[in-house]
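Scroll down for the structure; my scribbles are underneath it.
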Protein chains: 2
Amino acid sequence: MPELLDPYPHVFMDRPTKVANSMRKTVAVMEGASEIADITNRDEMGHLVCEVFGDDGFPLSIHFVMFLPAIQGQADDEQAEEWVHKAIQLQFIGTYAQTELGHGTNLRALETTATYDKNTQEFVLNTPTVSAYKWWPGNLGKTANVVVANAQLYIDGKNYGPHNFFVRIRDEETHQPMPGITVGDIGPKFGLNTNDNGFLKFDHVRIPRRSMLMRHSKISPEGTYSPPVHPKLSYGAMIFVRATMIRMLAHSLLKASTIAIRYSCIRKQGEITPGAGEVKILDYQTQQHRLFTAMARGFAYWLVGQEIKQIYERIAEDVKQGNVDQLADLHALLSGMKSVVSFDAGKGIEQCRMACGGHGYSHASGLPEIYAVEVAGCTYEGENMVMLQQQARYLVKGVQKLAKGEELTSMLKYLGNNSNRRFRFAEAGSKIEDTLIQAMEYIARTTIQRVSARLDSLKESGLSDEDAWNENAVELTRASRTHTRLWIAVCFKDRVNRIQDPKIRAALQDILHLHLCYEVIDMSQYLLEGGYATGAQIAQVKDVLYKLLAKIRPNAVSYVDAYEVSDTELRSVLGRRDGNVYDNLLKWAQSNPLNNVEVLPAVEKHLMPMMKNAKSKL
Amino acid sequence: MPELLDPYPHVFMDRPTKVANSMRKTVAVMEGASEIADITNRDEMGHLVCEVFGDDGFPLSIHFVMFLPAIQGQADDEQAEEWVHKAIQLQFIGTYAQTELGHGTNLRALETTATYDKNTQEFVLNTPTVSAYKWWPGNLGKTANVVVANAQLYIDGKNYGPHNFFVRIRDEETHQPMPGITVGDIGPKFGLNTNDNGFLKFDHVRIPRRSMLMRHSKISPEGTYSPPVHPKLSYGAMIFVRATMIRMLAHSLLKASTIAIRYSCIRKQGEITPGAGEVKILDYQTQQHRLFTAMARGFAYWLVGQEIKQIYERIAEDVKQGNVDQLADLHALLSGMKSVVSFDAGKGIEQCRMACGGHGYSHASGLPEIYAVEVAGCTYEGENMVMLQQQARYLVKGVQKLAKGEELTSMLKYLGNNSNRRFRFAEAGSKIEDTLIQAMEYIARTTIQRVSARLDSLKESGLSDEDAWNENAVELTRASRTHTRLWIAVCFKDRVNRIQDPKIRAALQDILHLHLCYEVIDMSQYLLEGGYATGAQIAQVKDVLYKLLAKIRPNAVSYVDAYEVSDTELRSVLGRRDGNVYDNLLKWAQSNPLNNVEVLPAVEKHLMPMMKNAKSKL
């Protein structure tokens with residue numbers, strides 16, 4: 001359907017044009033979706049959105065991914081009856097307003113207030129300071145006309161902590177801000193410029209008592225507050241979003257790998273053997289090393305993301321049955337996973353971009369945008385350093401449990417392994433993947449134990465728990481990363497070995513081995529530190545890795561082609577499936593707006609008179 | 001002077017507006033410069049350009065930095081007489097056209113031809129294929145009206161290799177392309193969008209014989225070719241540009257550190273001790289680790305960049321005296337230096353950006369643009385992987401010389417050190433900086449020796465020299481990096497210890513020690529590998545590093561303030577010297593173009609009818 005396509009590359013558009021174009025496509029998609037996809041299938045709809053909107057923003061994504069789940073999960077039955085079907089039918093467009101200009105992950109510090117007025121049975125929403133402006137919510141600036149807003153609940157002068165409120169912010173008929181509301185766009189960003197992330201100020205805005213989302217906490221007309229039965233019930237939504245993120249981030253890395261590997265088979269540069277002619281740049285070992293390790297991480301994260309989706313669904317089912325045992329495990333794991341995957345995928349994408357030389361720097365490659373959008377994942381949904389420390393708390397608790405002889409959950413069982421076995425790489429009878437994973441277990445175990453011991457010794461030396469923690473914060477984030485990388489490796493290995501088709505399994509085993517070698521080499525200092533491995537053994541792992549690069553080389557394009565991203569979604573002249581790169585780079589460049597006129601008005605106005613003056617001075 | 005300022009933040013402008021704004025400022029600067037700066041002072045003019053144009057592009061920079069030096073260095077006296085003063089007076093604006101759509105660093109593969117026609121005593125310039133389009137030259141698209149173009153010289157069917165030609169590409173009066181010329185802008189990029197990097201096609205364009213730059217090679221009217229006396233004379237320009245780059249890249253990293261460190265003293269988030277109130281985020285060890293190590297590298301690169309400038313000037317003087325002995329050393333060093341500094345400065349800038357959380361992602365921080373512009377340095381002036389291998393060739397030759405008992409230049413002397421001494425960190429009588437630098441010498445020496453040995457053994461096993469090289473390419477780039485990082489450390493140490501003022505020296509010694517600890521920890525696998533250090537010793541280095549973070553913390557803002565970047569140049573709401581961040585973020589956001597109208601036309605046209613329809617379906 002042509003109305004789902006951009007009239008010209010969206011990277012040529014200024015922000016107002018990008019936003020307008022995406023609003024136009026939104027209506028086309030919502031009207032036409034049922035003709036081209038199964039709209040009840042979440043994966044199929046997700047795929048359609050990727051094709052039509054690319055990375056940079058679908059104006060309804062926050063509506064569907066955060067706003068709707070919030071009212072589904074937190075509104076009581078009567079409220080849900082009132083709001084949910086309207087939201088699904090798009091009678092209004094919502095967003096989720098939590099972070100403030102001066103406040104991020106620490107919810108207790110949010111400044112927006114919702115003060116209950118018993119006399120009128122209303123809440124008064126207020127933004128007391130500049131730092132209390134709601135800031136960042138996606139599509140808040142110009143698109144949304146309702147929000148779920150988070151504010152400190154006050155009754156009779158007492159603070160009951162942050163709660164969520166359903167608020168209309170723009171008039172249903174005119175879309176003008178409601179009285180007392182100031183709302184707008186927060187301005188251009190590194191990426192996601194199609195999204196009108198917004199700011200929002202409440203000036204004593206009155207909303208009815210039943211605007212508070214009351215599934216868990218309630219307030220009676222007289223102002224009596226009833227707290228939630230289970231205080232951690234909002235947990236689930238966060239876990240869901242982070243689980244989804246892993247697949248999104250992996251997808252970005254695999255898109256970047258697709259572009260760079262395809263282009264590296266088109267681009268020729270330099271000679272390996274003098275006089276034998278220029279070679280494809282993918283024949284250089286450095287290029288293979290950059291790109292195949294990025295692709296391997298991409299496949300690892302993608303498959304692990306699929307596993308996590310299933311684990312999430314299983315645990316969500318348990319939770320419905322009242323069993324919350326594994327929730328803490330999953331929450332900790334996803335804190336670490338979100339951090340490691342967002343950061344390492346970002347590094348991989350930048351390697352893909354740089355591996356394309358100058359053309360990787362052009363928006364024609366698609367790579368700058370993939371990076372700028374993906375790397376936002378290091379910050380949103382919990383800043384990475386904070387997330388890593390969250391997981392570290394869980395790991396340190398594991399060590400403490402172990403010391404007390406308590407049983408560990410299956411995810412932490414390896415912490416109790418006391419074997420003195422050393423690295424058996426390349427020994428007879430040792431299987432490469434098992435040997436490497438044992439090495440990663442050693443790394444994670446000793447790193448976590450070491451930082452726990454350092455924590456204890458600082459406390460013994462008189463530091464408070466909190467100061468000792470902060471003194472160890474960097475080492476704790478490192479420990480957290482080693483655990484996450486181990487977990488990814490184990491999960492990736494299990495997934496690959498479960499593949500039925502022997503050819504596909506064999507092909508992915510090469511990728512698995514490459515991934516494991518790369519991770520072990522990257523963390524080799526931890527293996528050497530305790531004498532687990534020798535330098536000669538690390539050199540052997542490197543040799544295996546270099547052999548794998550050569551083995552993967554002839555099939556590199558098949559690997560990324562098998563991932564099957566369409567040209568429409570890829571939005572990359574360099575990554576075109578047909579390889580017709582140079583003709584299309586030229587066409588792309590020629591059509592960019594700076595070439596609309598041959599002589600720019602500013603050249604006539606400024607530069608031509610300057611040069612003319614210079615001549616007349618002679 | 002108000003005409004030197006942007007009327008509103010340039011990140012709000014679309015590309016045509018950015019380009020026009022910068023052309024306007026160019027004329028203002030060229031007219032007004034002499035009133036505000038000493039225009040004969042290169043540093044002062046460089047500083048003025050940074051203030052007025054920021055990172056993203058001064059339309060005359062290629063004219064002054066590459067085009068003018070090219071004609072000064074490569075035109076013969078008569079040609080120089082004709083062109084140089086016109087270029088200085090800006091009677092025309094030039095650029096330097098070398099790379100092509102399909103060809104980068106390998107000059108021998110350039111496809112553009114200049115065929116000498118004896119009958120008319122002209123060259124015929126031609127672009128035979130799409131991949132032969134000149135591509136990327138700065139300010140070529142819309143600004144420049146003359147170029148120095150690189151083309152394969154053909155006389156009587158014989159190729160004499162790439163030569164440079166002075167060509168008028170746009171009409172002096174009308175600025176329209178000359179007959180046979182197709183020229184335009186190559187489209188939007190990751191950064192540098194104020195620059196109209198361009199493409200250029202020659203369709204059998206005839207230029208007079210004397211258009212060839214003839215200081216070194218000549219061609220007589222009859223078509224007799226005289227080769228240059230010294231084939232490596234173009235070397236110098238490349239070295240000059242790379243030496244300048246080191247300071248530019250360091251400056252970017254120090255700007256980013258300034259923004260992030262200042263903001264981290266404004267931003268409060270979370271509590272370290274419960275109930276004690278939110279703390280400045282700079283009080284977190286993870287934040288100090290990210291930012292202080294980035295700042296330390298910034299100072300290291302900056303001071304080393306200054307040293308290199310002096311070394312360059314000294315060697316340039318030697319070269320004039322006919323002494324080219326040290327040219328190869330400097331060329332090798334700068335290949336490695338440019339790669340290590342561009343990549344590690346990029347990583348540091350991204351750490352600064354992420355350390356600012358969500359606001360670091362906004363263009364209000366200035367950080368996305370600093371990164372996007374800086375990271376281009378990994379690609380231009382020689383792709384980093386190619387550059388690292390260039391230096392590696394020099395290092396491997398050093399090892400070979402050593403084996404033959406030949407003498408090494410002072411830069412490589414440490415390769416011959418055969419001491420069996422182990423790491424003496426924290427031992428009585430050992431000076432921390434000397435101990436750490438000896439460790440870095442050990443790392444570089446063993447890494448280079450190991451890869452040389454691996455190269456030899458692969459050759460002995462039957463691989464050709466070239467294939468053996470490619471099989472070692474990744475290890476060679478690693479060796480090259482360890483050598484460069486050692487050289488930076490040594491040079492930084494010497495520079496700091498030469499500082500006269502004892503207070504400043506002491507302050508920078510803390511930064512030096514932090515830098516050395518960080519580098520050694522980052523490369524600790526190489527120390528452990530050969531048994532030079534133990535895990536316990538690495539833990540001691542870490543302890544020293546963490547203590548230095550705490551020591552630097554109270555003075556962190558003073559360090560970056562001492563670097564003295566003005567608010568005008570910084571272009572960052574987060575990094576304002578006065579710390580008034582939140583009010584100004586709000587003002588900045590409110591003034592962005594998406595807020596020009598309250599209700600966007602696309603909302604009225606698309607989203608409002610969609611919501612109205614949804615309601616009517618009820």
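Numbering starts fresh at 1 for the residues of each chain in the structure tokens, the chains themselves are lettered A, B, ... in the order given, and ligands are numbered from 1 as they appear.
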
What are the closest atom pairs, with distances in Å to one decimal, for all residues of stretch 72-189 of chain B lying within 12 Å of stretch 232-256 of chain B? Consider only C-alpha atoms, order rows by chain and residue number, and present the result as CSV.
residue,atom,partner,partner_atom,distance
B:Gln72,CA,B:Ala237,CA,10.8
B:Gly73,CA,B:Ser234,CA,8.3
B:Gln74,CA,B:Ser234,CA,8.4
B:His163,CA,B:Ser234,CA,11.2
B:Asn164,CA,B:Ser234,CA,11.3

Distance query B:Cys50 at most 10 Å, only C-alpha atoms, self and fewer than 6 positions along chain excluded, as a ChimeraX atom specification: /B:44,56-58,565,568-570

Written selection (N, CA and C atoms) as a short mmCIF file (atom, residue, chain, number, x, y, z; two decimals), in the first residue's frame:
data_model
loop_
_atom_site.label_atom_id
_atom_site.label_comp_id
_atom_site.auth_asym_id
_atom_site.auth_seq_id
_atom_site.Cartn_x
_atom_site.Cartn_y
_atom_site.Cartn_z
N GLU B 44 44.59 31.59 17.74
CA GLU B 44 43.53 32.52 18.08
C GLU B 44 42.38 32.42 17.06
N ASP B 56 30.18 21.84 14.26
CA ASP B 56 29.51 21.21 13.14
C ASP B 56 29.93 21.73 11.78
N GLY B 57 30.71 22.80 11.73
CA GLY B 57 31.21 23.12 10.42
C GLY B 57 31.36 24.58 10.08
N PHE B 58 32.58 24.94 9.71
CA PHE B 58 32.93 26.27 9.23
C PHE B 58 33.17 26.09 7.72
N VAL B 565 36.29 26.32 28.69
CA VAL B 565 35.52 26.42 27.46
C VAL B 565 34.36 27.37 27.75
N THR B 568 29.39 29.90 25.16
CA THR B 568 29.09 30.06 23.73
C THR B 568 29.59 28.87 22.94
N GLU B 569 30.83 28.49 23.21
CA GLU B 569 31.38 27.37 22.47
C GLU B 569 30.74 26.05 22.87
N LEU B 570 30.43 25.90 24.16
CA LEU B 570 29.95 24.63 24.67
C LEU B 570 28.56 24.29 24.12
#

Residues of stretch 214-352 of chain B in alpha helix (DSSP H) according to DSSP, as a ChimeraX atom specification? /B:235-264,285-320,327-352

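Going from atom CA of B:Glu278 over to atom CA of A:Thr477, you cover 21.2 Å.
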
Write down as a PyMOL selection string the residues of stretch 111-323 of chain A whose backbone DSSP state falls under strand (DSSP E). chain A and resi 113-117+122-126+134-135+146-155+158-168+181-185+198-202+205-208+218-219+225-226

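Using only C-alpha atoms, the nearest neighbour of B:Leu110 within the list A:Lys201, A:Arg498, A:Lys268, A:Lys551 is A:Lys268.
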
Pick out the residues sitting within 9 Å of stretch 383-391 of chain B, and hand them over as a VMD selection string; count only C-alpha atoms, and ignore anything fewer than 2 positions along from it in its own chain. (chain A and resid 286 to 287 354 to 355 357 to 358) or (chain B and resid 105 331 to 340 342 to 343 377 to 381 393 to 396 473 to 474 476 to 481)

Next, write the just-selected residues to a file, as a short mmCIF file (atom, residue, chain, number, x, y, z; two decimals), in the first residue's frame, keeping N, CA, C and O atoms as the atom set.
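Okay, selection.cif is ready:
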data_model
loop_
_atom_site.label_atom_id
_atom_site.label_comp_id
_atom_site.auth_asym_id
_atom_site.auth_seq_id
_atom_site.Cartn_x
_atom_site.Cartn_y
_atom_site.Cartn_z
N THR A 286 40.38 -8.27 10.15
CA THR A 286 39.87 -7.25 11.06
C THR A 286 38.37 -7.00 10.83
O THR A 286 37.62 -6.79 11.77
N GLN A 287 37.98 -6.99 9.56
CA GLN A 287 36.56 -6.76 9.22
C GLN A 287 35.70 -7.93 9.71
O GLN A 287 34.63 -7.73 10.27
N MET A 354 31.25 1.74 11.66
CA MET A 354 32.62 2.14 11.31
C MET A 354 33.21 1.19 10.27
O MET A 354 34.03 1.63 9.46
N ALA A 355 32.80 -0.06 10.30
CA ALA A 355 33.32 -1.03 9.33
C ALA A 355 32.86 -0.69 7.91
O ALA A 355 33.43 -1.20 6.94
N GLY A 357 33.15 2.29 6.74
CA GLY A 357 33.94 3.46 6.34
C GLY A 357 33.09 4.72 6.26
O GLY A 357 32.13 4.88 7.01
N GLY A 358 33.46 5.61 5.35
CA GLY A 358 32.75 6.87 5.20
C GLY A 358 31.25 6.70 4.97
O GLY A 358 30.44 7.40 5.56
N THR B 105 40.89 4.92 0.87
CA THR B 105 42.30 5.08 1.20
C THR B 105 43.29 4.57 0.14
O THR B 105 44.44 4.98 0.14
N HIS B 331 55.33 9.49 11.45
CA HIS B 331 54.22 9.03 10.63
C HIS B 331 53.59 7.78 11.24
O HIS B 331 52.36 7.68 11.37
N ALA B 332 54.42 6.83 11.67
CA ALA B 332 53.90 5.60 12.30
C ALA B 332 53.17 5.94 13.59
O ALA B 332 52.04 5.50 13.82
N LEU B 333 53.80 6.76 14.40
CA LEU B 333 53.20 7.11 15.69
C LEU B 333 51.84 7.76 15.49
O LEU B 333 50.87 7.43 16.19
N LEU B 334 51.74 8.67 14.51
CA LEU B 334 50.48 9.38 14.33
C LEU B 334 49.39 8.49 13.76
O LEU B 334 48.21 8.72 14.01
N SER B 335 49.77 7.47 13.01
CA SER B 335 48.77 6.52 12.52
C SER B 335 48.12 5.82 13.71
O SER B 335 46.89 5.70 13.78
N GLY B 336 48.96 5.36 14.64
CA GLY B 336 48.42 4.70 15.82
C GLY B 336 47.67 5.67 16.71
O GLY B 336 46.58 5.39 17.19
N MET B 337 48.25 6.82 16.90
CA MET B 337 47.69 7.83 17.80
C MET B 337 46.31 8.29 17.34
O MET B 337 45.38 8.41 18.14
N LYS B 338 46.19 8.57 16.07
CA LYS B 338 44.92 9.02 15.52
C LYS B 338 43.84 7.96 15.77
O LYS B 338 42.69 8.28 16.08
N SER B 339 44.22 6.69 15.65
CA SER B 339 43.24 5.61 15.83
C SER B 339 42.84 5.46 17.29
O SER B 339 41.65 5.40 17.62
N VAL B 340 43.84 5.40 18.16
CA VAL B 340 43.55 5.18 19.58
C VAL B 340 42.79 6.36 20.16
O VAL B 340 41.79 6.20 20.87
N SER B 342 40.99 8.75 18.58
CA SER B 342 39.63 8.94 18.05
C SER B 342 38.67 7.93 18.67
O SER B 342 37.55 8.27 19.05
N PHE B 343 39.10 6.68 18.78
CA PHE B 343 38.20 5.65 19.29
C PHE B 343 37.96 5.80 20.79
O PHE B 343 36.81 5.80 21.25
N GLY B 377 36.15 11.01 13.28
CA GLY B 377 37.60 10.91 13.30
C GLY B 377 38.11 9.47 13.27
O GLY B 377 39.29 9.24 12.97
N CYS B 378 37.25 8.51 13.57
CA CYS B 378 37.66 7.10 13.44
C CYS B 378 37.76 6.70 11.98
O CYS B 378 38.36 5.67 11.66
N THR B 379 37.16 7.49 11.10
CA THR B 379 37.04 7.10 9.70
C THR B 379 37.84 8.01 8.77
O THR B 379 38.55 7.53 7.90
N TYR B 380 37.71 9.33 8.97
CA TYR B 380 38.40 10.21 8.02
C TYR B 380 39.91 10.25 8.30
O TYR B 380 40.35 9.84 9.35
N GLU B 381 40.65 10.70 7.33
CA GLU B 381 42.12 10.73 7.43
C GLU B 381 42.71 9.35 7.71
O GLU B 381 43.70 9.23 8.44
N ARG B 393 53.23 -2.39 11.06
CA ARG B 393 54.34 -2.72 10.16
C ARG B 393 55.66 -2.14 10.68
O ARG B 393 56.71 -2.78 10.63
N TYR B 394 55.55 -0.93 11.17
CA TYR B 394 56.72 -0.25 11.73
C TYR B 394 57.23 -0.97 12.98
O TYR B 394 58.44 -1.13 13.18
N LEU B 395 56.28 -1.46 13.80
CA LEU B 395 56.67 -2.15 15.03
C LEU B 395 57.32 -3.50 14.73
O LEU B 395 58.33 -3.87 15.33
N VAL B 396 56.72 -4.22 13.78
CA VAL B 396 57.28 -5.53 13.42
C VAL B 396 58.68 -5.36 12.84
O VAL B 396 59.59 -6.13 13.14
N ALA B 473 45.99 -10.07 11.57
CA ALA B 473 45.63 -8.65 11.52
C ALA B 473 45.04 -8.16 12.85
O ALA B 473 45.37 -7.07 13.32
N VAL B 474 44.16 -8.97 13.46
CA VAL B 474 43.54 -8.52 14.71
C VAL B 474 44.60 -8.36 15.80
O VAL B 474 44.64 -7.34 16.50
N LEU B 476 47.71 -7.82 15.38
CA LEU B 476 48.57 -6.69 15.03
C LEU B 476 47.95 -5.36 15.46
O LEU B 476 48.65 -4.47 15.96
N THR B 477 46.63 -5.23 15.27
CA THR B 477 46.00 -3.99 15.71
C THR B 477 46.08 -3.87 17.23
O THR B 477 46.26 -2.78 17.76
N ARG B 478 45.99 -5.01 17.93
CA ARG B 478 46.09 -4.96 19.39
C ARG B 478 47.49 -4.51 19.82
O ARG B 478 47.64 -3.68 20.73
N ALA B 479 48.50 -5.06 19.17
CA ALA B 479 49.88 -4.69 19.51
C ALA B 479 50.09 -3.20 19.27
O ALA B 479 50.69 -2.49 20.08
N SER B 480 49.54 -2.73 18.16
CA SER B 480 49.66 -1.33 17.80
C SER B 480 49.03 -0.43 18.87
O SER B 480 49.60 0.60 19.24
N ARG B 481 47.91 -0.86 19.38
CA ARG B 481 47.25 -0.07 20.44
C ARG B 481 48.08 -0.03 21.72
O ARG B 481 48.18 1.00 22.37
#

Selection near stretch 533-539 of chain B, 8 Å with only C-alpha atoms, sequence-local residues under 5 positions removed, as a PyMOL selection string: (chain A and resi 528-530) or (chain B and resi 422-423+425+521+524+527-528)

Would you list the contacts of A:Ala372 as a list in words, taking every protein, DNA or RNA residue within 10 Å and counting only C-alpha atoms, but skipping same-chain residues closer than 5 positions in sequence? Asp55, Asp56, Lys189, Phe190, Gly191, Leu192, Gly346, Ile349, Glu350, Leu367 and Gly377 of chain A; Phe190, Tyr361, Pro368 and Ala372 of chain B

With all heavy atoms retained, write the just-selected residues as a CSV table (one decimal), in the first residue's frame.
chain,number,residue,atom,x,y,z
A,55,ASP,N,12.6,2.5,12.9
A,55,ASP,CA,13.1,2.6,14.3
A,55,ASP,C,12.5,3.8,15.0
A,55,ASP,O,12.5,3.9,16.2
A,55,ASP,CB,14.6,2.8,14.3
A,55,ASP,CG,15.3,1.4,14.4
A,55,ASP,OD1,14.7,0.5,14.9
A,55,ASP,OD2,16.5,1.4,13.9
A,56,ASP,N,12.2,4.8,14.2
A,56,ASP,CA,12.3,6.2,14.8
A,56,ASP,C,11.0,6.6,15.5
A,56,ASP,O,10.9,7.6,16.2
A,56,ASP,CB,12.7,7.2,13.8
A,56,ASP,CG,13.3,8.4,14.4
A,56,ASP,OD1,14.2,8.2,15.3
A,56,ASP,OD2,13.0,9.5,14.1
A,189,LYS,N,16.5,15.4,19.7
A,189,LYS,CA,17.3,14.5,20.5
A,189,LYS,C,18.3,13.8,19.6
A,189,LYS,O,18.2,13.9,18.4
A,189,LYS,CB,16.4,13.4,21.1
A,189,LYS,CG,15.4,14.0,22.1
A,189,LYS,CD,14.1,13.2,22.1
A,189,LYS,CE,13.3,13.5,20.8
A,189,LYS,NZ,12.0,12.9,20.7
A,190,PHE,N,19.1,13.0,20.2
A,190,PHE,CA,20.1,12.2,19.4
A,190,PHE,C,19.4,11.3,18.3
A,190,PHE,O,19.8,11.3,17.2
A,190,PHE,CB,20.8,11.2,20.4
A,190,PHE,CG,22.1,10.7,19.9
A,190,PHE,CD1,22.7,11.1,18.8
A,190,PHE,CD2,22.7,9.6,20.7
A,190,PHE,CE1,24.0,10.5,18.4
A,190,PHE,CE2,23.9,9.1,20.3
A,190,PHE,CZ,24.5,9.5,19.2
A,191,GLY,N,18.3,10.7,18.8
A,191,GLY,CA,17.5,9.9,17.8
A,191,GLY,C,16.0,10.0,18.2
A,191,GLY,O,15.7,10.9,19.1
A,192,LEU,N,15.2,9.2,17.7
A,192,LEU,CA,13.8,9.2,18.0
A,192,LEU,C,13.1,10.6,17.8
A,192,LEU,O,12.2,11.0,18.5
A,192,LEU,CB,13.6,8.8,19.5
A,192,LEU,CG,14.0,7.3,19.8
A,192,LEU,CD1,14.1,7.1,21.3
A,192,LEU,CD2,13.0,6.3,19.2
A,346,GLY,N,24.9,-1.8,21.4
A,346,GLY,CA,25.3,-0.4,20.9
A,346,GLY,C,26.8,-0.4,20.4
A,346,GLY,O,27.0,0.1,19.3
A,349,ILE,N,26.8,-2.2,17.1
A,349,ILE,CA,26.3,-1.4,16.0
A,349,ILE,C,27.3,-0.4,15.5
A,349,ILE,O,27.5,-0.2,14.3
A,349,ILE,CB,24.9,-0.7,16.4
A,349,ILE,CG1,23.9,-1.8,16.7
A,349,ILE,CG2,24.5,0.3,15.4
A,349,ILE,CD1,22.6,-1.3,17.4
A,350,GLU,N,28.0,0.3,16.5
A,350,GLU,CA,29.0,1.2,16.1
A,350,GLU,C,30.1,0.6,15.3
A,350,GLU,O,30.7,1.2,14.4
A,350,GLU,CB,29.5,2.0,17.3
A,350,GLU,CG,28.7,3.2,17.7
A,350,GLU,CD,28.7,4.3,16.6
A,350,GLU,OE1,28.0,4.1,15.6
A,350,GLU,OE2,29.4,5.3,16.9
A,367,LEU,N,22.7,3.3,9.3
A,367,LEU,CA,23.4,2.9,10.6
A,367,LEU,C,23.4,4.0,11.7
A,367,LEU,O,23.2,3.6,12.9
A,367,LEU,CB,24.8,2.4,10.3
A,367,LEU,CG,24.8,1.1,9.5
A,367,LEU,CD1,26.2,0.9,8.9
A,367,LEU,CD2,24.4,-0.1,10.4
A,377,GLY,N,18.4,2.8,24.8
A,377,GLY,CA,18.1,1.7,25.7
A,377,GLY,C,19.1,1.6,26.8
A,377,GLY,O,18.8,0.9,27.8
B,190,PHE,N,25.5,11.4,10.0
B,190,PHE,CA,25.4,11.3,11.5
B,190,PHE,C,25.6,12.6,12.1
B,190,PHE,O,24.9,13.1,13.0
B,190,PHE,CB,26.5,10.3,11.9
B,190,PHE,CG,26.3,9.7,13.2
B,190,PHE,CD1,25.2,9.8,14.0
B,190,PHE,CD2,27.4,8.9,13.8
B,190,PHE,CE1,25.0,9.2,15.2
B,190,PHE,CE2,27.2,8.3,15.0
B,190,PHE,CZ,26.1,8.5,15.8
B,361,TYR,N,20.7,12.6,26.4
B,361,TYR,CA,20.2,12.1,25.0
B,361,TYR,C,19.6,13.3,24.2
B,361,TYR,O,19.5,13.2,23.0
B,361,TYR,CB,19.2,11.0,25.3
B,361,TYR,CG,18.8,10.2,24.0
B,361,TYR,CD1,19.7,9.3,23.5
B,361,TYR,CD2,17.6,10.4,23.4
B,361,TYR,CE1,19.3,8.6,22.3
B,361,TYR,CE2,17.2,9.7,22.3
B,361,TYR,CZ,18.1,8.8,21.7
B,361,TYR,OH,17.8,8.1,20.6
B,368,PRO,N,25.1,14.8,22.1
B,368,PRO,CA,25.0,13.9,20.9
B,368,PRO,C,25.8,14.5,19.7
B,368,PRO,O,26.4,13.7,19.0
B,368,PRO,CB,23.5,14.0,20.6
B,368,PRO,CG,22.9,14.2,21.9
B,368,PRO,CD,23.8,15.1,22.7
B,372,ALA,N,28.8,12.7,17.7
B,372,ALA,CA,28.7,12.4,16.2
B,372,ALA,C,29.8,13.0,15.4
B,372,ALA,O,30.2,12.5,14.4
B,372,ALA,CB,27.3,12.8,15.7

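Reported to one decimal place, the separation of atom CA of B:Leu330 from atom CA of B:Cys517 is 26.6 Å.
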
Env of B:Asp467: 12 Å cut, atoms = only C-alpha atoms, seq-sep filter 2 positions within chain, self excluded. Answer as a list in words. Glu271, Ile272, Thr273, Pro274, Asp283, Tyr284 and Gln285 of chain A; Leu455, Asp456, Leu458, Lys459, Ser461, Gly462, Leu463, Ser464, Asp465, Trp469, Asn470, Glu471, Asn472 and Ala473 of chain B
